[in-house]
Amino acid sequence: MEDVISVCQRLVSEKAAICHDAGKQGENSAELARVCFDQYVAGVSDAMDAIGSSRLGDTMRTFARYKMQQLKDAPSQH
């Protein structure tokens, strides 16, 4: 089961980075990127709820929030 978690965390991390970069394109982009990421995480979390338990989905939701906060707090690369 650990494999599923690490794969999903990797996917969520990649998606977070993509959405974070897309969000830098302008004000509307930031909102759109956030909504896109939230929907993606909801999908991953729901899938994890379905294959495992709600604990798995909750773990992924928490991880996703942490990942986005990490990106926001990171010094800008520009």
# chains A, B, ... in the order shown; residues from 1 in each chain; ligands from 1
$ residues_around --residues "segment 23-36 of chain A" --least-positions-apart "2" --cutoff "12 Å" --atoms "only C-alpha atoms" --output "PDB file with all heavy atoms, in the first residue's frame"
ATOM      1  N   VAL A  12       0.951  14.386  -7.103  1.00  0.00           N
ATOM      2  CA  VAL A  12       0.443  15.626  -6.517  1.00  0.00           C
ATOM      3  C   VAL A  12       1.542  16.686  -6.472  1.00  0.00           C
ATOM      4  O   VAL A  12       1.293  17.859  -6.759  1.00  0.00           O
ATOM      5  CB  VAL A  12      -0.153  15.365  -5.106  1.00  0.00           C
ATOM      6  CG1 VAL A  12      -0.374  16.667  -4.353  1.00  0.00           C
ATOM      7  CG2 VAL A  12      -1.473  14.606  -5.238  1.00  0.00           C
ATOM      8  N   LYS A  15       1.952  18.047  -9.979  1.00  0.00           N
ATOM      9  CA  LYS A  15       0.810  18.901 -10.317  1.00  0.00           C
ATOM     10  C   LYS A  15       0.893  20.228  -9.565  1.00  0.00           C
ATOM     11  O   LYS A  15       0.583  21.280 -10.123  1.00  0.00           O
ATOM     12  CB  LYS A  15      -0.491  18.164  -9.975  1.00  0.00           C
ATOM     13  CG  LYS A  15      -1.726  18.869 -10.468  1.00  0.00           C
ATOM     14  CD  LYS A  15      -1.825  18.826 -11.974  1.00  0.00           C
ATOM     15  CE  LYS A  15      -3.200  19.247 -12.454  1.00  0.00           C
ATOM     16  NZ  LYS A  15      -3.326  19.152 -13.902  1.00  0.00           N
ATOM     17  N   ALA A  16       1.330  20.186  -8.312  1.00  0.00           N
ATOM     18  CA  ALA A  16       1.469  21.414  -7.525  1.00  0.00           C
ATOM     19  C   ALA A  16       2.460  22.361  -8.189  1.00  0.00           C
ATOM     20  O   ALA A  16       2.199  23.557  -8.318  1.00  0.00           O
ATOM     21  CB  ALA A  16       1.924  21.083  -6.101  1.00  0.00           C
ATOM     22  N   ALA A  17       3.583  21.810  -8.649  1.00  0.00           N
ATOM     23  CA  ALA A  17       4.604  22.636  -9.294  1.00  0.00           C
ATOM     24  C   ALA A  17       4.073  23.259 -10.584  1.00  0.00           C
ATOM     25  O   ALA A  17       4.278  24.444 -10.855  1.00  0.00           O
ATOM     26  CB  ALA A  17       5.846  21.802  -9.573  1.00  0.00           C
ATOM     27  N   ILE A  18       3.361  22.459 -11.378  1.00  0.00           N
ATOM     28  CA  ILE A  18       2.790  22.952 -12.640  1.00  0.00           C
ATOM     29  C   ILE A  18       1.784  24.062 -12.372  1.00  0.00           C
ATOM     30  O   ILE A  18       1.818  25.129 -12.989  1.00  0.00           O
ATOM     31  CB  ILE A  18       2.124  21.801 -13.421  1.00  0.00           C
ATOM     32  CG1 ILE A  18       3.195  20.821 -13.917  1.00  0.00           C
ATOM     33  CG2 ILE A  18       1.286  22.333 -14.590  1.00  0.00           C
ATOM     34  CD1 ILE A  18       2.634  19.488 -14.408  1.00  0.00           C
ATOM     35  N   CYS A  19       0.880  23.824 -11.424  1.00  0.00           N
ATOM     36  CA  CYS A  19      -0.148  24.823 -11.112  1.00  0.00           C
ATOM     37  C   CYS A  19       0.465  26.072 -10.500  1.00  0.00           C
ATOM     38  O   CYS A  19       0.030  27.181 -10.776  1.00  0.00           O
ATOM     39  CB  CYS A  19      -1.190  24.228 -10.167  1.00  0.00           C
ATOM     40  SG  CYS A  19      -2.259  23.009 -10.981  1.00  0.00           S
ATOM     41  N   HIS A  20       1.482  25.884  -9.698  1.00  0.00           N
ATOM     42  CA  HIS A  20       2.156  27.027  -9.083  1.00  0.00           C
ATOM     43  C   HIS A  20       2.790  27.908 -10.153  1.00  0.00           C
ATOM     44  O   HIS A  20       2.644  29.133 -10.133  1.00  0.00           O
ATOM     45  CB  HIS A  20       3.214  26.533  -8.098  1.00  0.00           C
ATOM     46  CG  HIS A  20       3.913  27.638  -7.380  1.00  0.00           C
ATOM     47  ND1 HIS A  20       3.283  28.411  -6.429  1.00  0.00           N
ATOM     48  CD2 HIS A  20       5.178  28.097  -7.470  1.00  0.00           C
ATOM     49  CE1 HIS A  20       4.144  29.307  -5.968  1.00  0.00           C
ATOM     50  NE2 HIS A  20       5.299  29.133  -6.584  1.00  0.00           N
ATOM     51  N   ASP A  21       3.482  27.286 -11.105  1.00  0.00           N
ATOM     52  CA  ASP A  21       4.096  28.038 -12.203  1.00  0.00           C
ATOM     53  C   ASP A  21       3.038  28.725 -13.057  1.00  0.00           C
ATOM     54  O   ASP A  21       3.189  29.878 -13.440  1.00  0.00           O
ATOM     55  CB  ASP A  21       4.947  27.116 -13.073  1.00  0.00           C
ATOM     56  CG  ASP A  21       6.213  26.669 -12.360  1.00  0.00           C
ATOM     57  OD1 ASP A  21       6.563  27.293 -11.334  1.00  0.00           O
ATOM     58  OD2 ASP A  21       6.840  25.699 -12.812  1.00  0.00           O
ATOM     59  N   ASP A  38      -6.953  22.103  -6.782  1.00  0.00           N
ATOM     60  CA  ASP A  38      -7.918  21.599  -5.794  1.00  0.00           C
ATOM     61  C   ASP A  38      -8.741  20.452  -6.369  1.00  0.00           C
ATOM     62  O   ASP A  38      -8.984  19.451  -5.702  1.00  0.00           O
ATOM     63  CB  ASP A  38      -8.852  22.725  -5.327  1.00  0.00           C
ATOM     64  CG  ASP A  38      -8.134  23.717  -4.407  1.00  0.00           C
ATOM     65  OD1 ASP A  38      -6.993  23.419  -3.979  1.00  0.00           O
ATOM     66  OD2 ASP A  38      -8.718  24.772  -4.120  1.00  0.00           O
ATOM     67  N   GLN A  39      -9.181  20.613  -7.619  1.00  0.00           N
ATOM     68  CA  GLN A  39      -9.983  19.569  -8.254  1.00  0.00           C
ATOM     69  C   GLN A  39      -9.151  18.308  -8.474  1.00  0.00           C
ATOM     70  O   GLN A  39      -9.633  17.188  -8.276  1.00  0.00           O
ATOM     71  CB  GLN A  39     -10.559  20.060  -9.584  1.00  0.00           C
ATOM     72  CG  GLN A  39     -11.665  21.067  -9.389  1.00  0.00           C
ATOM     73  CD  GLN A  39     -12.242  21.549 -10.708  1.00  0.00           C
ATOM     74  OE1 GLN A  39     -11.584  21.489 -11.742  1.00  0.00           O
ATOM     75  NE2 GLN A  39     -13.463  22.036 -10.668  1.00  0.00           N
ATOM     76  N   TYR A  40      -7.906  18.494  -8.855  1.00  0.00           N
ATOM     77  CA  TYR A  40      -7.011  17.361  -9.068  1.00  0.00           C
ATOM     78  C   TYR A  40      -6.803  16.589  -7.761  1.00  0.00           C
ATOM     79  O   TYR A  40      -6.907  15.372  -7.722  1.00  0.00           O
ATOM     80  CB  TYR A  40      -5.673  17.871  -9.605  1.00  0.00           C
ATOM     81  CG  TYR A  40      -4.662  16.774  -9.864  1.00  0.00           C
ATOM     82  CD1 TYR A  40      -4.740  16.001 -11.017  1.00  0.00           C
ATOM     83  CD2 TYR A  40      -3.648  16.512  -8.966  1.00  0.00           C
ATOM     84  CE1 TYR A  40      -3.821  14.988 -11.260  1.00  0.00           C
ATOM     85  CE2 TYR A  40      -2.722  15.507  -9.203  1.00  0.00           C
ATOM     86  CZ  TYR A  40      -2.818  14.749 -10.353  1.00  0.00           C
ATOM     87  OH  TYR A  40      -1.909  13.757 -10.586  1.00  0.00           O
ATOM     88  N   VAL A  41      -6.523  17.324  -6.702  1.00  0.00           N
ATOM     89  CA  VAL A  41      -6.299  16.695  -5.398  1.00  0.00           C
ATOM     90  C   VAL A  41      -7.565  15.981  -4.932  1.00  0.00           C
ATOM     91  O   VAL A  41      -7.499  14.875  -4.393  1.00  0.00           O
ATOM     92  CB  VAL A  41      -5.849  17.746  -4.356  1.00  0.00           C
ATOM     93  CG1 VAL A  41      -5.855  17.151  -2.950  1.00  0.00           C
ATOM     94  CG2 VAL A  41      -4.462  18.254  -4.707  1.00  0.00           C
ATOM     95  N   ALA A  42      -8.716  16.593  -5.156  1.00  0.00           N
ATOM     96  CA  ALA A  42      -9.981  15.962  -4.773  1.00  0.00           C
ATOM     97  C   ALA A  42     -10.137  14.628  -5.498  1.00  0.00           C
ATOM     98  O   ALA A  42     -10.547  13.632  -4.900  1.00  0.00           O
ATOM     99  CB  ALA A  42     -11.156  16.885  -5.092  1.00  0.00           C
ATOM    100  N   GLY A  43      -9.773  14.609  -6.773  1.00  0.00           N
ATOM    101  CA  GLY A  43      -9.862  13.376  -7.556  1.00  0.00           C
ATOM    102  C   GLY A  43      -8.930  12.296  -7.026  1.00  0.00           C
ATOM    103  O   GLY A  43      -9.334  11.151  -6.830  1.00  0.00           O
ATOM    104  N   ALA A  64      -1.129  17.597   0.062  1.00  0.00           N
ATOM    105  CA  ALA A  64      -1.318  18.587  -1.007  1.00  0.00           C
ATOM    106  C   ALA A  64      -1.283  20.009  -0.451  1.00  0.00           C
ATOM    107  O   ALA A  64      -0.662  20.895  -1.038  1.00  0.00           O
ATOM    108  CB  ALA A  64      -2.648  18.338  -1.720  1.00  0.00           C
ATOM    109  N   ARG A  65      -1.938  20.227   0.673  1.00  0.00           N
ATOM    110  CA  ARG A  65      -1.927  21.562   1.304  1.00  0.00           C
ATOM    111  C   ARG A  65      -0.497  21.945   1.693  1.00  0.00           C
ATOM    112  O   ARG A  65      -0.056  23.072   1.461  1.00  0.00           O
ATOM    113  CB  ARG A  65      -2.820  21.579   2.548  1.00  0.00           C
ATOM    114  CG  ARG A  65      -4.284  21.792   2.225  1.00  0.00           C
ATOM    115  CD  ARG A  65      -5.080  22.161   3.453  1.00  0.00           C
ATOM    116  NE  ARG A  65      -5.043  21.115   4.472  1.00  0.00           N
ATOM    117  CZ  ARG A  65      -5.883  20.083   4.527  1.00  0.00           C
ATOM    118  NH1 ARG A  65      -6.825  19.952   3.617  1.00  0.00           N
ATOM    119  NH2 ARG A  65      -5.785  19.190   5.483  1.00  0.00           N
ATOM    120  N   MET A  68       1.595  22.851  -1.501  1.00  0.00           N
ATOM    121  CA  MET A  68       1.286  24.174  -2.060  1.00  0.00           C
ATOM    122  C   MET A  68       1.858  25.272  -1.165  1.00  0.00           C
ATOM    123  O   MET A  68       2.378  26.268  -1.653  1.00  0.00           O
ATOM    124  CB  MET A  68      -0.233  24.364  -2.201  1.00  0.00           C
ATOM    125  CG  MET A  68      -0.764  23.939  -3.566  1.00  0.00           C
ATOM    126  SD  MET A  68       0.294  24.353  -4.972  1.00  0.00           S
ATOM    127  CE  MET A  68      -0.764  25.392  -5.911  1.00  0.00           C
ATOM    128  N   GLN A  69       1.766  25.088   0.156  1.00  0.00           N
ATOM    129  CA  GLN A  69       2.306  26.074   1.083  1.00  0.00           C
ATOM    130  C   GLN A  69       3.815  26.176   0.917  1.00  0.00           C
ATOM    131  O   GLN A  69       4.374  27.267   0.911  1.00  0.00           O
ATOM    132  CB  GLN A  69       1.947  25.677   2.529  1.00  0.00           C
ATOM    133  CG  GLN A  69       2.147  26.799   3.520  1.00  0.00           C
ATOM    134  CD  GLN A  69       1.362  28.051   3.167  1.00  0.00           C
ATOM    135  OE1 GLN A  69       0.166  28.006   2.919  1.00  0.00           O
ATOM    136  NE2 GLN A  69       2.038  29.178   3.103  1.00  0.00           N
ATOM    137  N   LEU A  71       5.517  25.656  -1.793  1.00  0.00           N
ATOM    138  CA  LEU A  71       5.795  26.390  -3.033  1.00  0.00           C
ATOM    139  C   LEU A  71       5.560  27.880  -2.842  1.00  0.00           C
ATOM    140  O   LEU A  71       6.314  28.702  -3.346  1.00  0.00           O
ATOM    141  CB  LEU A  71       4.911  25.859  -4.166  1.00  0.00           C
ATOM    142  CG  LEU A  71       5.317  24.484  -4.710  1.00  0.00           C
ATOM    143  CD1 LEU A  71       4.224  23.919  -5.596  1.00  0.00           C
ATOM    144  CD2 LEU A  71       6.625  24.564  -5.470  1.00  0.00           C
ATOM    145  N   LYS A  72       4.512  28.233  -2.118  1.00  0.00           N
ATOM    146  CA  LYS A  72       4.213  29.654  -1.876  1.00  0.00           C
ATOM    147  C   LYS A  72       5.314  30.307  -1.056  1.00  0.00           C
ATOM    148  O   LYS A  72       5.658  31.463  -1.267  1.00  0.00           O
ATOM    149  CB  LYS A  72       2.878  29.801  -1.144  1.00  0.00           C
ATOM    150  CG  LYS A  72       1.680  29.659  -2.035  1.00  0.00           C
ATOM    151  CD  LYS A  72       0.406  29.847  -1.233  1.00  0.00           C
ATOM    152  CE  LYS A  72      -0.793  29.380  -2.028  1.00  0.00           C
ATOM    153  NZ  LYS A  72      -1.934  29.088  -1.181  1.00  0.00           N
ATOM    154  N   SER A  76      11.146  33.249  -4.725  1.00  0.00           N
ATOM    155  CA  SER A  76      10.840  33.256  -6.158  1.00  0.00           C
ATOM    156  C   SER A  76      12.103  32.984  -6.972  1.00  0.00           C
ATOM    157  O   SER A  76      13.185  33.444  -6.639  1.00  0.00           O
ATOM    158  CB  SER A  76      10.257  34.621  -6.540  1.00  0.00           C
ATOM    159  OG  SER A  76       9.869  34.583  -7.896  1.00  0.00           O
ATOM    160  N   GLN A  77      11.936  32.243  -8.061  1.00  0.00           N
ATOM    161  CA  GLN A  77      13.075  31.878  -8.906  1.00  0.00           C
ATOM    162  C   GLN A  77      13.397  32.966  -9.923  1.00  0.00           C
ATOM    163  O   GLN A  77      14.322  32.839 -10.695  1.00  0.00           O
ATOM    164  CB  GLN A  77      12.768  30.572  -9.659  1.00  0.00           C
ATOM    165  CG  GLN A  77      12.363  29.430  -8.749  1.00  0.00           C
ATOM    166  CD  GLN A  77      13.482  29.053  -7.769  1.00  0.00           C
ATOM    167  OE1 GLN A  77      14.644  29.043  -8.100  1.00  0.00           O
ATOM    168  NE2 GLN A  77      13.111  28.745  -6.540  1.00  0.00           N
ATOM    169  N   HIS A  78      12.609  34.030  -9.934  1.00  0.00           N
ATOM    170  CA  HIS A  78      12.808  35.065 -10.955  1.00  0.00           C
ATOM    171  C   HIS A  78      13.791  36.119 -10.504  1.00  0.00           C
ATOM    172  O   HIS A  78      13.771  36.561  -9.409  1.00  0.00           O
ATOM    173  CB  HIS A  78      11.473  35.719 -11.297  1.00  0.00           C
ATOM    174  CG  HIS A  78      10.474  34.708 -11.775  1.00  0.00           C
ATOM    175  ND1 HIS A  78      10.610  34.015 -12.955  1.00  0.00           N
ATOM    176  CD2 HIS A  78       9.345  34.251 -11.220  1.00  0.00           C
ATOM    177  CE1 HIS A  78       9.595  33.196 -13.096  1.00  0.00           C
ATOM    178  NE2 HIS A  78       8.811  33.320 -12.037  1.00  0.00           N
TER     179      HIS A  78
END
$ closest_residue --among "A:Met48, A:Ala74, A:Met60, A:Ala22" --to "Gln9 of chain A" --atoms "only C-alpha atoms"
A:Met60
$ decode --residues "segment 49-76 of chain A" --atoms "N, CA, C and O atoms" --output "short mmCIF file (atom, residue, chain, number, x, y, z; two decimals), in the first residue's frame"
data_model
loop_
_atom_site.label_atom_id
_atom_site.label_comp_id
_atom_site.auth_asym_id
_atom_site.auth_seq_id
_atom_site.Cartn_x
_atom_site.Cartn_y
_atom_site.Cartn_z
N ASP A 49 -9.63 7.16 -1.24
CA ASP A 49 -10.72 6.75 -0.35
C ASP A 49 -11.33 5.45 -0.85
O ASP A 49 -11.64 4.55 -0.08
N ALA A 50 -11.50 5.36 -2.17
CA ALA A 50 -12.16 4.21 -2.78
C ALA A 50 -11.31 2.93 -2.67
O ALA A 50 -11.85 1.86 -2.42
N ILE A 51 -10.00 3.07 -2.85
CA ILE A 51 -9.16 1.86 -2.83
C ILE A 51 -8.69 1.48 -1.44
O ILE A 51 -8.32 0.35 -1.19
N GLY A 52 -8.66 2.45 -0.54
CA GLY A 52 -8.14 2.16 0.78
C GLY A 52 -9.12 2.52 1.87
O GLY A 52 -10.07 1.80 2.14
N SER A 53 -8.88 3.65 2.44
CA SER A 53 -9.75 4.13 3.51
C SER A 53 -9.73 5.65 3.47
O SER A 53 -8.93 6.25 2.78
N SER A 54 -10.63 6.25 4.22
CA SER A 54 -10.68 7.72 4.23
C SER A 54 -9.37 8.27 4.81
O SER A 54 -8.99 9.39 4.52
N ARG A 55 -8.69 7.48 5.59
CA ARG A 55 -7.41 7.92 6.16
C ARG A 55 -6.40 8.21 5.05
O ARG A 55 -5.64 9.16 5.11
N LEU A 56 -6.42 7.37 4.01
CA LEU A 56 -5.51 7.57 2.88
C LEU A 56 -5.85 8.88 2.16
O LEU A 56 -4.97 9.66 1.83
N GLY A 57 -7.13 9.10 1.90
CA GLY A 57 -7.54 10.33 1.23
C GLY A 57 -7.18 11.55 2.05
O GLY A 57 -6.71 12.56 1.52
N ASP A 58 -7.39 11.46 3.37
CA ASP A 58 -7.05 12.58 4.25
C ASP A 58 -5.55 12.87 4.23
O ASP A 58 -5.12 14.01 4.23
N THR A 59 -4.77 11.80 4.21
CA THR A 59 -3.32 11.94 4.15
C THR A 59 -2.92 12.71 2.89
O THR A 59 -2.09 13.62 2.94
N MET A 60 -3.55 12.38 1.77
CA MET A 60 -3.22 13.04 0.50
C MET A 60 -3.66 14.49 0.51
O MET A 60 -2.95 15.37 0.03
N ARG A 61 -4.83 14.78 1.08
CA ARG A 61 -5.30 16.17 1.15
C ARG A 61 -4.35 17.01 2.00
O ARG A 61 -4.01 18.14 1.64
N THR A 62 -3.90 16.46 3.10
CA THR A 62 -2.97 17.16 3.98
C THR A 62 -1.64 17.39 3.26
O THR A 62 -1.07 18.48 3.30
N PHE A 63 -1.16 16.36 2.57
CA PHE A 63 0.09 16.46 1.83
C PHE A 63 -0.01 17.54 0.76
O PHE A 63 0.92 18.34 0.57
N ALA A 64 -1.13 17.60 0.06
CA ALA A 64 -1.32 18.59 -1.01
C ALA A 64 -1.28 20.01 -0.45
O ALA A 64 -0.66 20.89 -1.04
N ARG A 65 -1.94 20.23 0.67
CA ARG A 65 -1.93 21.56 1.30
C ARG A 65 -0.50 21.95 1.69
O ARG A 65 -0.06 23.07 1.46
N TYR A 66 0.22 21.00 2.26
CA TYR A 66 1.61 21.22 2.68
C TYR A 66 2.48 21.58 1.46
O TYR A 66 3.28 22.50 1.50
N LYS A 67 2.27 20.84 0.37
CA LYS A 67 3.08 21.04 -0.84
C LYS A 67 2.84 22.43 -1.43
O LYS A 67 3.79 23.12 -1.82
N MET A 68 1.59 22.85 -1.50
CA MET A 68 1.29 24.17 -2.06
C MET A 68 1.86 25.27 -1.17
O MET A 68 2.38 26.27 -1.65
N GLN A 69 1.77 25.09 0.16
CA GLN A 69 2.31 26.07 1.08
C GLN A 69 3.81 26.18 0.92
O GLN A 69 4.37 27.27 0.91
N GLN A 70 4.46 25.04 0.73
CA GLN A 70 5.90 24.99 0.51
C GLN A 70 6.28 25.81 -0.72
O GLN A 70 7.24 26.58 -0.69
N LEU A 71 5.52 25.66 -1.79
CA LEU A 71 5.80 26.39 -3.03
C LEU A 71 5.56 27.88 -2.84
O LEU A 71 6.31 28.70 -3.35
N LYS A 72 4.51 28.23 -2.12
CA LYS A 72 4.21 29.65 -1.88
C LYS A 72 5.31 30.31 -1.06
O LYS A 72 5.66 31.46 -1.27
N ASP A 73 5.82 29.56 -0.07
CA ASP A 73 6.83 30.11 0.84
C ASP A 73 8.22 30.15 0.23
O ASP A 73 9.10 30.85 0.71
N ALA A 74 8.43 29.36 -0.82
CA ALA A 74 9.75 29.29 -1.44
C ALA A 74 10.12 30.64 -2.07
O ALA A 74 9.25 31.33 -2.61
N PRO A 75 11.37 31.01 -1.99
CA PRO A 75 11.79 32.25 -2.64
C PRO A 75 11.55 32.16 -4.15
O PRO A 75 11.74 31.10 -4.73
N SER A 76 11.15 33.25 -4.73
CA SER A 76 10.84 33.26 -6.16
C SER A 76 12.10 32.98 -6.97
O SER A 76 13.18 33.44 -6.64
#
